[in-house]
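Asks: Sharing run.cif here; it has mmCIF, C-alpha atoms and all ligand atoms.
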data_my_file
loop_
_atom_site.label_atom_id
_atom_site.label_comp_id
_atom_site.auth_asym_id
_atom_site.auth_seq_id
_atom_site.Cartn_x
_atom_site.Cartn_y
_atom_site.Cartn_z
CA MET A 1 2.70 26.07 14.51
CA ARG A 2 3.93 22.52 14.89
CA LEU A 3 4.08 21.83 11.17
CA LEU A 4 6.47 24.61 10.20
CA TRP A 5 9.61 22.59 10.89
CA LEU A 6 8.46 19.34 9.31
CA GLY A 7 10.18 19.54 5.95
CA LYS A 8 13.44 20.51 7.59
CA ILE A 9 13.84 17.54 9.89
CA ASN A 10 12.59 15.03 7.37
CA GLN A 11 15.43 14.54 4.90
CA MET A 12 13.27 12.53 2.55
CA THR A 13 9.76 13.19 1.38
CA ALA A 14 7.31 10.39 0.66
CA VAL A 15 4.30 11.22 -1.48
CA TYR A 16 1.10 9.24 -1.89
CA ILE A 17 -1.35 10.33 -4.61
CA HIS A 18 -4.83 8.86 -4.43
CA PHE A 19 -6.71 8.36 -7.68
CA PRO A 20 -10.27 7.35 -6.74
CA PHE A 21 -11.59 6.35 -10.17
CA CYS A 22 -12.40 2.82 -11.38
CA VAL A 23 -14.09 1.38 -14.46
CA GLN A 24 -16.55 -0.44 -12.19
CA ARG A 25 -16.65 -1.33 -8.53
CA CYS A 26 -15.42 -4.81 -7.67
CA GLN A 27 -17.81 -6.89 -5.58
CA TYR A 28 -15.63 -6.91 -2.45
CA CYS A 29 -14.27 -3.35 -2.55
CA ASP A 30 -14.81 -0.77 0.19
CA PHE A 31 -12.03 1.60 -0.84
CA ILE A 32 -12.70 5.25 -1.53
CA THR A 33 -13.19 5.02 -5.25
CA TYR A 34 -15.94 5.76 -7.76
CA ALA A 35 -17.08 4.32 -11.08
CA GLN A 36 -18.73 6.15 -14.01
CA VAL A 37 -17.34 9.57 -13.05
CA GLY A 38 -14.37 9.65 -15.42
CA HIS A 39 -15.46 13.08 -16.71
CA PHE A 40 -14.02 14.54 -13.49
CA ILE A 41 -10.51 13.21 -14.18
CA PRO A 42 -9.02 16.31 -15.92
CA ALA A 43 -10.27 18.67 -13.19
CA TYR A 44 -9.14 16.20 -10.52
CA VAL A 45 -5.59 16.11 -11.90
CA GLU A 46 -5.51 19.92 -11.86
CA ALA A 47 -6.73 19.90 -8.26
CA LEU A 48 -3.98 17.45 -7.32
CA LYS A 49 -1.41 19.81 -8.79
CA LYS A 50 -2.75 22.64 -6.66
CA GLU A 51 -2.57 20.58 -3.48
CA ILE A 52 1.02 19.62 -4.34
CA GLN A 53 1.89 23.29 -4.97
CA LEU A 54 0.42 24.23 -1.60
CA LEU A 55 2.20 21.69 0.55
CA LEU A 56 5.45 20.54 -1.05
CA PRO A 57 7.49 23.72 -1.67
CA GLY A 58 10.40 23.90 0.77
CA LYS A 59 10.28 20.18 1.56
CA ALA A 60 13.11 17.74 0.89
CA LYS A 61 13.23 16.02 -2.49
CA ALA A 62 10.77 13.18 -2.93
CA SER A 63 12.37 9.79 -2.39
CA SER A 64 9.24 7.77 -3.01
CA ILE A 65 6.07 8.56 -4.92
CA TYR A 66 3.13 6.18 -5.00
CA PHE A 67 0.09 6.52 -7.27
CA GLY A 68 -2.58 4.39 -5.60
CA GLY A 69 -6.29 3.99 -5.94
CA GLY A 70 -8.67 3.32 -7.33
CA THR A 71 -7.13 2.68 -10.70
CA PRO A 72 -4.35 5.20 -11.41
CA SER A 73 -3.72 3.53 -14.78
CA LEU A 74 -6.93 5.26 -15.94
CA MET A 75 -4.87 8.46 -16.03
CA ASN A 76 -3.12 8.94 -19.34
CA PRO A 77 0.70 9.03 -19.19
CA GLU A 78 0.70 12.79 -19.84
CA GLN A 79 -1.43 13.35 -16.72
CA VAL A 80 0.89 11.17 -14.64
CA GLY A 81 3.87 13.02 -16.11
CA SER A 82 2.32 16.41 -15.28
CA LEU A 83 1.89 15.38 -11.64
CA LEU A 84 5.50 14.20 -11.45
CA GLU A 85 6.56 17.50 -12.98
CA GLU A 86 4.58 19.39 -10.33
CA ILE A 87 6.36 17.44 -7.58
CA ARG A 88 9.70 18.11 -9.30
CA GLN A 89 8.99 21.85 -9.46
CA SER A 90 7.73 22.03 -5.89
CA ALA A 91 10.24 19.93 -3.97
CA GLY A 92 12.34 18.02 -6.47
CA ILE A 93 12.57 14.28 -7.01
CA ASN A 94 15.56 12.31 -5.84
CA ASP A 95 17.48 10.63 -8.70
CA GLU A 96 17.04 7.27 -6.96
CA ALA A 97 13.36 7.79 -6.10
CA GLU A 98 11.00 4.83 -6.26
CA ILE A 99 7.99 5.87 -8.35
CA THR A 100 5.17 3.32 -8.24
CA LEU A 101 1.90 3.26 -10.11
CA GLU A 102 -0.91 0.82 -9.40
CA ALA A 103 -2.42 -0.55 -12.59
CA ASN A 104 -5.16 -2.97 -13.47
CA PRO A 105 -4.97 -5.35 -16.42
CA GLY A 106 -7.41 -4.15 -19.02
CA THR A 107 -6.49 -0.49 -18.48
CA VAL A 108 -2.96 -0.55 -19.92
CA SER A 109 -1.49 -1.00 -23.39
CA PRO A 110 2.04 -1.41 -24.73
CA GLU A 111 1.99 2.29 -25.67
CA SER A 112 0.76 3.55 -22.29
CA LEU A 113 3.20 1.33 -20.38
CA THR A 114 6.13 2.49 -22.50
CA ALA A 115 5.12 6.13 -22.03
CA LEU A 116 4.76 5.67 -18.25
CA ARG A 117 8.17 4.01 -17.99
CA GLN A 118 9.82 6.68 -20.11
CA GLY A 119 8.05 9.34 -18.05
CA GLY A 120 9.79 8.18 -14.88
CA VAL A 121 7.49 5.55 -13.34
CA ASN A 122 9.93 2.78 -12.36
CA ARG A 123 7.73 0.37 -10.41
CA LEU A 124 4.39 -1.07 -11.46
CA SER A 125 1.98 -2.79 -9.09
CA LEU A 126 -0.53 -4.86 -11.03
CA GLY A 127 -3.79 -5.74 -9.25
CA ILE A 128 -4.31 -9.15 -10.79
CA GLN A 129 -5.87 -11.05 -7.81
CA SER A 130 -5.90 -14.48 -9.54
CA PHE A 131 -4.91 -16.28 -12.73
CA PHE A 132 -8.31 -18.05 -12.81
CA ASP A 133 -11.20 -16.52 -14.74
CA GLU A 134 -13.78 -17.98 -12.35
CA ASP A 135 -12.13 -16.17 -9.41
CA LEU A 136 -12.05 -12.91 -11.37
CA ARG A 137 -15.76 -13.25 -12.11
CA VAL A 138 -16.60 -13.85 -8.45
CA LEU A 139 -14.58 -10.80 -7.48
CA GLY A 140 -16.21 -8.65 -10.17
CA ARG A 141 -12.90 -7.74 -11.78
CA ILE A 142 -12.99 -6.13 -15.23
CA HIS A 143 -10.18 -8.23 -16.69
CA SER A 144 -9.59 -11.83 -17.72
CA ALA A 145 -6.63 -14.03 -16.80
CA ASP A 146 -5.34 -13.77 -20.37
CA GLN A 147 -5.40 -9.97 -20.18
CA THR A 148 -3.36 -10.27 -16.99
CA ARG A 149 -0.75 -12.40 -18.74
CA GLN A 150 -0.61 -9.88 -21.58
CA SER A 151 -0.23 -6.93 -19.19
CA ILE A 152 2.66 -8.59 -17.35
CA SER A 153 4.47 -9.30 -20.58
CA GLN A 154 3.76 -5.81 -21.97
CA ALA A 155 5.04 -4.20 -18.75
CA GLN A 156 8.24 -6.23 -18.97
CA GLN A 157 8.70 -5.29 -22.61
CA ALA A 158 8.15 -1.63 -21.70
CA GLY A 159 11.15 -1.89 -19.34
CA PHE A 160 9.54 -2.43 -15.93
CA ASP A 161 12.06 -4.50 -14.02
CA ASN A 162 10.43 -3.86 -10.64
CA LEU A 163 7.04 -5.41 -11.14
CA SER A 164 4.68 -6.39 -8.35
CA LEU A 165 1.54 -8.53 -8.47
CA ASP A 166 -1.32 -8.34 -5.95
CA PHE A 167 -3.28 -11.51 -5.19
CA ILE A 168 -6.26 -12.27 -2.97
CA PHE A 169 -6.55 -15.73 -1.47
CA GLY A 170 -9.27 -17.50 0.47
CA LEU A 171 -11.78 -16.91 -2.34
CA PRO A 172 -15.12 -18.74 -2.59
CA GLY A 173 -14.49 -22.12 -4.21
CA GLN A 174 -10.70 -21.70 -4.26
CA SER A 175 -8.70 -24.87 -3.58
CA LEU A 176 -5.20 -25.19 -2.18
CA VAL A 177 -4.10 -26.67 -5.52
CA ALA A 178 -5.46 -23.70 -7.46
CA TRP A 179 -3.76 -21.30 -5.05
CA LYS A 180 -0.44 -23.10 -5.55
CA GLU A 181 -0.92 -22.83 -9.32
CA ASN A 182 -1.42 -19.07 -8.93
CA LEU A 183 1.85 -18.76 -7.04
CA GLU A 184 3.69 -20.98 -9.52
CA GLU A 185 2.53 -18.92 -12.47
CA ALA A 186 3.44 -15.69 -10.67
CA VAL A 187 6.95 -16.95 -9.95
CA SER A 188 7.47 -18.20 -13.48
CA SER A 189 6.30 -14.91 -14.98
CA GLY A 190 9.55 -13.22 -13.94
CA ILE A 191 8.17 -10.58 -11.58
CA GLN A 192 10.07 -9.21 -8.56
CA HIS A 193 7.47 -8.58 -5.83
CA LEU A 194 4.27 -10.15 -4.57
CA SER A 195 1.57 -8.84 -2.22
CA LEU A 196 -0.80 -11.53 -0.97
CA TYR A 197 -3.93 -10.63 0.99
CA SER A 198 -6.55 -12.91 2.43
CA LEU A 199 -10.06 -11.96 1.39
CA ILE A 200 -11.84 -9.73 3.88
CA VAL A 201 -15.60 -9.48 3.58
CA GLU A 202 -16.27 -5.79 4.11
CA PRO A 203 -19.64 -4.60 5.38
CA ASN A 204 -22.18 -3.25 2.88
CA THR A 205 -20.50 -4.69 -0.19
CA PRO A 206 -22.28 -6.85 -2.79
CA PHE A 207 -19.90 -9.58 -1.69
CA GLU A 208 -21.18 -9.47 1.88
CA ARG A 209 -24.75 -9.71 0.65
CA ASP A 210 -23.90 -12.80 -1.45
CA ILE A 211 -22.16 -14.45 1.49
CA LYS A 212 -25.10 -13.70 3.79
CA SER A 213 -27.65 -14.99 1.27
CA GLY A 214 -25.67 -18.21 0.78
CA LYS A 215 -25.00 -17.50 -2.90
CA LEU A 216 -21.27 -17.61 -2.16
CA GLN A 217 -19.46 -19.71 0.43
CA LEU A 218 -16.15 -18.79 1.95
CA PRO A 219 -13.51 -21.48 2.45
CA LYS A 220 -13.00 -22.69 6.02
CA GLY A 221 -10.52 -20.77 8.17
CA ASP A 222 -8.11 -23.72 8.26
CA LEU A 223 -7.89 -23.78 4.48
CA VAL A 224 -7.16 -20.05 4.36
CA ALA A 225 -4.39 -20.51 6.96
CA ASP A 226 -3.01 -23.40 4.87
CA MET A 227 -2.92 -21.11 1.82
CA PHE A 228 -0.93 -18.52 3.74
CA GLU A 229 1.49 -21.15 5.07
CA LEU A 230 1.90 -22.59 1.60
CA ALA A 231 3.00 -19.15 0.36
CA MET A 232 5.37 -18.78 3.32
CA ASP A 233 6.96 -22.16 2.59
CA TYR A 234 6.95 -22.16 -1.20
CA LEU A 235 7.98 -18.64 -2.15
CA PRO A 236 11.37 -18.62 -0.36
CA THR A 237 12.31 -21.75 -2.31
CA GLN A 238 11.81 -19.65 -5.44
CA GLY A 239 13.93 -16.72 -4.21
CA PHE A 240 11.07 -14.58 -2.84
CA ASN A 241 11.73 -13.52 0.74
CA GLN A 242 8.92 -12.46 3.00
CA PHE A 243 9.87 -9.05 4.38
CA GLU A 244 6.42 -8.00 5.60
CA ILE A 245 3.37 -10.03 6.61
CA SER A 246 1.79 -9.74 3.13
CA SER A 247 4.85 -8.94 1.01
CA TRP A 248 7.55 -11.01 -0.68
CA ALA A 249 10.40 -9.77 -2.91
CA ILE A 250 13.42 -11.03 -4.79
CA GLY A 251 16.32 -9.16 -3.19
CA LYS A 252 16.18 -6.18 -0.85
CA GLU A 253 16.36 -3.79 -3.79
CA ASN A 254 12.84 -4.85 -4.83
CA GLU A 255 11.23 -4.43 -1.40
CA SER A 256 8.70 -1.62 -1.67
CA ARG A 257 10.45 1.42 -0.24
CA HIS A 258 7.29 3.48 -0.14
CA ASN A 259 5.39 0.95 1.95
CA LYS A 260 8.33 0.77 4.35
CA VAL A 261 7.74 4.46 5.05
CA TYR A 262 4.35 3.45 6.51
CA TRP A 263 5.66 0.47 8.45
CA GLN A 264 8.54 2.49 9.87
CA ASN A 265 5.95 5.03 11.03
CA GLN A 266 7.56 7.85 9.07
CA ASP A 267 5.92 10.93 7.60
CA TYR A 268 4.27 11.01 4.19
CA PHE A 269 2.08 13.42 2.29
CA GLY A 270 -1.27 12.12 1.02
CA PHE A 271 -2.77 14.06 -1.90
CA GLY A 272 -6.22 13.62 -3.40
CA ALA A 273 -9.78 12.81 -2.37
CA GLY A 274 -9.81 10.28 0.45
CA ALA A 275 -6.02 10.38 0.84
CA HIS A 276 -4.45 9.90 4.25
CA GLY A 277 -1.16 11.40 5.33
CA LYS A 278 1.08 11.64 8.36
CA VAL A 279 2.80 14.91 8.94
CA GLY A 280 4.68 15.39 12.17
CA ASP A 281 2.38 14.91 15.12
CA TYR A 282 -0.77 14.64 13.01
CA ARG A 283 -2.53 12.01 10.96
CA VAL A 284 -4.65 13.77 8.35
CA GLU A 285 -7.38 12.66 6.00
CA ASN A 286 -8.86 14.44 2.98
CA THR A 287 -12.50 14.69 2.01
CA PRO A 288 -13.62 11.49 0.26
CA SER A 289 -15.74 13.45 -2.25
CA ILE A 290 -14.17 14.10 -5.64
CA GLU A 291 -16.38 17.13 -6.24
CA THR A 292 -15.68 18.65 -2.83
CA TYR A 293 -11.98 18.04 -3.31
CA ILE A 294 -11.99 19.79 -6.68
CA SER A 295 -13.95 22.73 -5.29
CA LYS A 296 -11.65 23.04 -2.24
CA MET A 297 -8.72 23.32 -4.62
CA ALA A 298 -10.40 25.85 -6.93
CA GLU A 299 -9.23 28.73 -4.77
CA PRO A 300 -7.29 27.00 -2.08
CA GLN A 301 -6.60 28.74 1.19
CA PRO A 302 -3.50 27.28 2.88
CA ILE A 303 -4.05 26.54 6.55
CA SER A 304 -0.64 26.63 8.28
CA GLY A 305 0.85 23.61 6.61
CA PHE A 306 -2.41 21.66 6.36
CA SER A 307 -4.40 21.01 3.21
CA PRO A 308 -7.74 22.80 2.73
CA ALA A 309 -9.08 19.38 1.73
CA ASN A 310 -8.41 17.88 5.18
CA VAL A 311 -11.53 16.72 7.00
CA GLU A 312 -9.61 14.99 9.82
CA LYS A 313 -6.54 16.15 11.72
CA ILE A 314 -5.79 13.82 14.55
CA PHE A 315 -3.07 14.78 16.99
CA ILE A 316 -0.84 11.80 17.80
CA ASP A 317 0.20 11.93 21.42
CA GLN A 318 3.45 10.37 22.52
CA TYR A 319 1.94 7.11 23.78
CA THR A 320 -0.13 6.64 20.61
CA ALA A 321 2.98 7.26 18.49
CA MET A 322 4.76 4.49 20.42
CA GLN A 323 1.82 2.11 19.96
CA GLU A 324 1.86 2.85 16.23
CA SER A 325 5.60 2.19 16.02
CA MET A 326 5.02 -1.25 17.56
CA MET A 327 1.98 -2.21 15.48
CA LEU A 328 3.41 -1.01 12.18
CA GLY A 329 7.01 -2.08 12.81
CA LEU A 330 6.13 -5.64 13.78
CA ARG A 331 4.58 -6.08 10.34
CA MET A 332 8.13 -6.16 8.96
CA THR A 333 8.90 -9.81 9.49
CA ARG A 334 12.67 -9.54 9.18
CA GLU A 335 13.53 -6.33 11.00
CA GLY A 336 10.54 -5.88 13.30
CA VAL A 337 11.05 -3.07 15.85
CA SER A 338 14.59 -2.04 16.73
CA GLU A 339 15.08 -1.33 20.42
CA ASN A 340 17.69 1.36 19.67
CA LYS A 341 15.70 3.08 16.95
CA PHE A 342 12.62 3.09 19.18
CA ARG A 343 14.64 4.75 21.96
CA ALA A 344 16.11 7.35 19.59
CA ARG A 345 12.72 8.14 18.12
CA HIS A 346 10.54 8.18 21.23
CA ARG A 347 13.11 8.82 23.96
CA ALA A 348 11.72 5.85 25.80
CA ASN A 349 12.64 2.24 26.37
CA MET A 350 10.20 -0.08 24.62
CA THR A 351 10.89 -2.92 27.04
CA GLN A 352 9.71 -0.66 29.88
CA VAL A 353 6.81 1.05 28.11
CA PHE A 354 5.41 -2.25 26.77
CA LYS A 355 6.84 -4.60 29.38
CA ASP A 356 3.56 -6.47 30.00
CA GLU A 357 2.55 -6.64 26.33
CA ILE A 358 5.91 -8.00 25.20
CA SER A 359 5.96 -10.51 28.02
CA THR A 360 2.45 -11.79 27.14
CA LEU A 361 3.37 -12.11 23.47
CA GLN A 362 6.63 -13.90 24.27
CA ASN A 363 4.84 -16.31 26.59
CA ASN A 364 2.39 -17.10 23.77
CA GLY A 365 5.22 -17.70 21.31
CA LEU A 366 4.21 -14.78 19.09
CA VAL A 367 7.32 -12.56 19.25
CA GLU A 368 11.01 -13.05 19.97
CA TRP A 369 14.20 -11.00 20.15
CA HIS A 370 16.71 -11.15 17.30
CA ASN A 371 20.25 -9.79 17.57
CA LEU A 372 20.85 -7.86 14.35
CA PRO A 373 23.76 -5.56 13.42
CA GLY A 374 21.95 -2.49 14.86
CA GLY A 375 21.17 -4.17 18.19
CA ARG A 376 18.16 -6.12 19.49
CA HIS A 377 14.99 -6.22 17.40
CA LEU A 378 11.61 -7.53 18.47
CA VAL A 379 10.18 -9.64 15.62
CA LEU A 380 7.22 -11.89 15.01
CA THR A 381 7.72 -15.65 15.24
CA ARG A 382 6.23 -17.79 12.49
CA ARG A 383 3.21 -18.28 14.75
CA GLY A 384 3.09 -14.50 15.25
CA ILE A 385 3.08 -13.95 11.47
CA MET A 386 0.14 -16.37 11.18
CA LEU A 387 -1.72 -14.68 14.04
CA GLY A 388 -0.70 -11.07 13.40
CA ASN A 389 -4.01 -9.62 14.54
CA LEU A 390 -3.58 -11.13 18.01
CA VAL A 391 -0.21 -9.42 18.25
CA PHE A 392 -1.42 -6.01 17.11
CA GLN A 393 -4.38 -6.09 19.51
CA GLU A 394 -1.90 -6.02 22.38
CA PHE A 395 -0.83 -2.52 21.40
CA VAL A 396 -4.27 -0.99 20.86
S1 LIG B 1 -10.15 -1.98 -9.02
FE1 LIG B 1 -9.45 -1.93 -6.87
S2 LIG B 1 -10.12 0.06 -6.09
FE2 LIG B 1 -11.25 -0.31 -8.01
S3 LIG B 1 -13.19 -1.21 -7.34
FE3 LIG B 1 -11.78 -2.92 -7.80
S4 LIG B 1 -10.78 -3.38 -5.81
FE4 LIG B 1 -11.76 -1.37 -5.62
#
Could you rewrite the structure in this file as structure tokens?
Ligand code: SF4
Replies:
Amino acid sequence: MRLLWLGKINQMTAVYIHFPFCVQRCQYCDFITYAQVGHFIPAYVEALKKEIQLLLPGKAKASSIYFGGGTPSLMNPEQVGSLLEEIRQSAGINDEAEITLEANPGTVSPESLTALRQGGVNRLSLGIQSFFDEDLRVLGRIHSADQTRQSISQAQQAGFDNLSLDFIFGLPGQSLVAWKENLEEAVSSGIQHLSLYSLIVEPNTPFERDIKSGKLQLPKGDLVADMFELAMDYLPTQGFNQFEISSWAIGKENESRHNKVYWQNQDYFGFGAGAHGKVGDYRVENTPSIETYISKMAEPQPISGFSPANVEKIFIDQYTAMQESMMLGLRMTREGVSENKFRARHRANMTQVFKDEISTLQNNGLVEWHNLPGGRHLVLTRRGIMLGNLVFQEFV
């Protein structure tokens, strides 16, 4: 079977753990996550341990572990610690591993943050979205801006020196001035990483209904583009360098290593209900149902390197793998796609395989070649960063 050699060639293991529980669903959210089912959490954590035990033994030590959701900060620190211990027992954890946990203000306390930090979590990603209470109400978030400020300060006091904040911009009623104030407060709060996403109105969400009924109005596209440009211009003056379309960090050491695994099109294990993973030539996806996931793990039957919870196993042919390397790699605004690494990985020349696509994008001023220490890299221009979707469409 194809998967038998995977752990051997991959010298580092990246682990994503999905925790699909939230206090309540935010108005705009279409993630795989559930509210009011917290009674499943203990059984879910046990099921996660079983999936880890099935798939990680024999693999290289974990170099990055990411607890995403959902709201992983609804797990108590002992549960997080028990999952880390399971990974340690199954494959080991590299001494330098980046261990990230997504948390929402309102679900953490000084005690829980201290216990998480002491238990090995060394990076916290806070989903704050805005420092304005009116924005938080529109989004249906459970927390207030003051709770956000408290959580940031508590995380810093607990010893988190790699702290990331998530924001959404382009919100109904949001002005450019208010957006700038958000960024200024973020910068002055002493954090190390920012993820900024423009609001996407997902189908079948309460948010979409409110937009359609006219109850909420989105800002005009030009204003949203201005907000993005403002971030691109302002944040570097404050020491935050944009290293990916939506990501800024102070210093390379604070650039999310786990997310780079995705953008560099590398393998990662995805554990939990609704989790996605990439193992060798396959992209896999687990059942989105918490109950089904728990029952699949009750007496799990290993299936040649795959998880019994998988509901999708999509074989990635060579051409698709090359398309993915282009689409994901170009997201990294500084390094883009290395010509030499592409050749080593795919045994093909990207300038031949994607000759027409690259030429079209160059002619439209969306990509350009940079000479970096490792050779030529294809990277987005500033216009390409602004119009990323146009670029990625070329490789679909
Ligand atoms: S906290 Fe995050 S995952 Fe949970 S409902 Fe809100 S947006 Fe969705």
Asks: With distances taken over all atoms listed in the file, which of A:Asn204, A:Ser63, A:Gln129, A:Gln118 is nearest to ligand LIG 1 (chain B)?
Replies: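 Looking at the shortest contact to ligand LIG 1 (chain B), the residue is A:Gln129.
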Asks: Considering only C-alpha atoms, state which residue in the set A:Val121, A:Glu85, A:Phe132, A:His143 is at the smallest distance from Ala155 (chain A).
Replies: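 Checking each of A:Val121, A:Glu85, A:Phe132, A:His143 against Ala155 (chain A), counting only C-alpha atoms, the winner is A:Val121.
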Asks: Please enclose the listed atoms of ligand LIG 1 (chain B) in an axis-aligned box, pad each side by 3 Å, and write out the centre and the three edge lengths in Å, rounded to one decimal, as AutoDock Vina command-line options.
Replies:
--center_x -11.3 --center_y -1.7 --center_z -7.3 --size_x 9.7 --size_y 9.4 --size_z 9.4
Asks: If we draw a sphere of 12 Å around (-10.8, -2.2, -4.0), which residues have at least one atom in it when counting only C-alpha atoms? Please report them as a ChimeraX atom specification.
Replies: /A:19-35,68-71,102,104,127-129,139-141,166,168,197,199-202,205,207
Asks: Dump as a Markdown table the rows for residues of region 144-246 of chain A within 12 Å of region 326-348 of chain A: closest atom pair and distance in Å with one decimal, all atoms listed in the file counted, ordered by chain and rising residue number.
Replies:
| residue | atom | partner | partner_atom | distance |
| --- | --- | --- | --- | --- |
| A:Met232 | CA | A:Thr333 | CA | 11.4 |
| A:Asn241 | CA | A:Arg334 | CA | 9.4 |
| A:Gln242 | CA | A:Thr333 | CA | 7.0 |
| A:Phe243 | CA | A:Thr333 | CA | 5.3 |
| A:Glu244 | CA | A:Met332 | CA | 4.2 |
| A:Ile245 | CA | A:Arg331 | CA | 5.6 |
| A:Ser246 | CA | A:Arg331 | CA | 8.6 |
Asks: With distances taken over all atoms listed in the file, which of A:Phe395, A:Trp263, A:Trp179, A:Tyr268 is nearest to Met350 (chain A)?
Replies: A:Phe395
Asks: Would you please work out which residue, of A:Gly375, A:Gly270, A:Pro206, A:Gly159, is nearest to ligand LIG 1 (chain B) when using only C-alpha atoms and all ligand atoms?
Replies: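 Looking only at the distances to ligand LIG 1 (chain B), the closest residue turns out to be A:Pro206.
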Asks: Do you know which residues are at most 8 Å from region 224-231 of chain A counting all atoms listed in the file, after dropping those on the same chain fewer than 5 positions away, and could you put them as a PyMOL selection string?
Replies: chain A and resi 169-170+176+179-180+183+198+219+386
Asks: Find the spatial neighbours of Gln217 (chain A), counting all atoms listed in the file, within a cut-off of 12 Å - ignore same-chain residues fewer than 5 positions away - and output them as a PDB file with C-alpha atoms, in the coordinates of the input.
Replies:
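After the write, out-v2.pdb holds the following:
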ATOM      1  CA  VAL A 138     -16.600 -13.850  -8.450  1.00  0.00           C
ATOM      2  CA  GLY A 170      -9.270 -17.500   0.470  1.00  0.00           C
ATOM      3  CA  LEU A 171     -11.780 -16.910  -2.340  1.00  0.00           C
ATOM      4  CA  PRO A 172     -15.120 -18.740  -2.590  1.00  0.00           C
ATOM      5  CA  GLY A 173     -14.490 -22.120  -4.210  1.00  0.00           C
ATOM      6  CA  GLN A 174     -10.700 -21.700  -4.260  1.00  0.00           C
ATOM      7  CA  VAL A 201     -15.600  -9.480   3.580  1.00  0.00           C
ATOM      8  CA  PHE A 207     -19.900  -9.580  -1.690  1.00  0.00           C
ATOM      9  CA  GLU A 208     -21.180  -9.470   1.880  1.00  0.00           C
ATOM     10  CA  ARG A 209     -24.750  -9.710   0.650  1.00  0.00           C
ATOM     11  CA  ASP A 210     -23.900 -12.800  -1.450  1.00  0.00           C
ATOM     12  CA  ILE A 211     -22.160 -14.450   1.490  1.00  0.00           C
ATOM     13  CA  LYS A 212     -25.100 -13.700   3.790  1.00  0.00           C
TER      14      LYS A 212
END
Asks: Considering all atoms listed in the file, can you say which of A:Leu196, A:Ala145, A:Leu223, A:Met75 comes closest to Val177 (chain A)?
Replies: A:Leu223
Asks: Assuming the input is short of atoms at region 339-353 of chain A, produce N, CA and C atoms for that part as a PDB file, in the frame of the given file.
Replies:
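The resulting part04.pdb:
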ATOM      1  N   GLU A 339      15.095  -1.939  19.085  1.00  0.00           N
ATOM      2  CA  GLU A 339      15.080  -1.330  20.420  1.00  0.00           C
ATOM      3  C   GLU A 339      15.789   0.032  20.396  1.00  0.00           C
ATOM      4  N   ASN A 340      16.920   0.103  19.690  1.00  0.00           N
ATOM      5  CA  ASN A 340      17.690   1.360  19.670  1.00  0.00           C
ATOM      6  C   ASN A 340      16.975   2.457  18.876  1.00  0.00           C
ATOM      7  N   LYS A 341      16.398   2.060  17.742  1.00  0.00           N
ATOM      8  CA  LYS A 341      15.700   3.080  16.950  1.00  0.00           C
ATOM      9  C   LYS A 341      14.467   3.593  17.695  1.00  0.00           C
ATOM     10  N   PHE A 342      13.796   2.685  18.402  1.00  0.00           N
ATOM     11  CA  PHE A 342      12.620   3.090  19.180  1.00  0.00           C
ATOM     12  C   PHE A 342      13.047   4.123  20.238  1.00  0.00           C
ATOM     13  N   ARG A 343      14.179   3.841  20.909  1.00  0.00           N
ATOM     14  CA  ARG A 343      14.640   4.750  21.960  1.00  0.00           C
ATOM     15  C   ARG A 343      15.006   6.105  21.362  1.00  0.00           C
ATOM     16  N   ALA A 344      15.703   6.084  20.220  1.00  0.00           N
ATOM     17  CA  ALA A 344      16.110   7.350  19.590  1.00  0.00           C
ATOM     18  C   ALA A 344      14.892   8.145  19.141  1.00  0.00           C
ATOM     19  N   ARG A 345      13.893   7.453  18.660  1.00  0.00           N
ATOM     20  CA  ARG A 345      12.720   8.140  18.120  1.00  0.00           C
ATOM     21  C   ARG A 345      11.802   8.665  19.220  1.00  0.00           C
ATOM     22  N   HIS A 346      11.553   7.809  20.222  1.00  0.00           N
ATOM     23  CA  HIS A 346      10.540   8.180  21.230  1.00  0.00           C
ATOM     24  C   HIS A 346      11.131   8.589  22.582  1.00  0.00           C
ATOM     25  N   ARG A 347      12.430   8.523  22.690  1.00  0.00           N
ATOM     26  CA  ARG A 347      13.110   8.820  23.960  1.00  0.00           C
ATOM     27  C   ARG A 347      12.512   8.005  25.093  1.00  0.00           C
ATOM     28  N   ALA A 348      12.304   6.748  24.795  1.00  0.00           N
ATOM     29  CA  ALA A 348      11.720   5.850  25.800  1.00  0.00           C
ATOM     30  C   ALA A 348      12.202   4.437  25.496  1.00  0.00           C
ATOM     31  N   ASN A 349      12.180   3.612  26.527  1.00  0.00           N
ATOM     32  CA  ASN A 349      12.640   2.240  26.370  1.00  0.00           C
ATOM     33  C   ASN A 349      11.422   1.338  26.122  1.00  0.00           C
ATOM     34  N   MET A 350      11.403   0.706  24.946  1.00  0.00           N
ATOM     35  CA  MET A 350      10.200  -0.080  24.620  1.00  0.00           C
ATOM     36  C   MET A 350       9.982  -1.245  25.578  1.00  0.00           C
ATOM     37  N   THR A 351      11.059  -1.775  26.126  1.00  0.00           N
ATOM     38  CA  THR A 351      10.890  -2.920  27.040  1.00  0.00           C
ATOM     39  C   THR A 351      10.286  -2.472  28.372  1.00  0.00           C
ATOM     40  N   GLN A 352      10.386  -1.164  28.667  1.00  0.00           N
ATOM     41  CA  GLN A 352       9.710  -0.660  29.880  1.00  0.00           C
ATOM     42  C   GLN A 352       8.277  -0.226  29.546  1.00  0.00           C
ATOM     43  N   VAL A 353       8.144   0.536  28.451  1.00  0.00           N
ATOM     44  CA  VAL A 353       6.810   1.050  28.110  1.00  0.00           C
ATOM     45  C   VAL A 353       5.829  -0.104  27.857  1.00  0.00           C
TER      46      VAL A 353
END
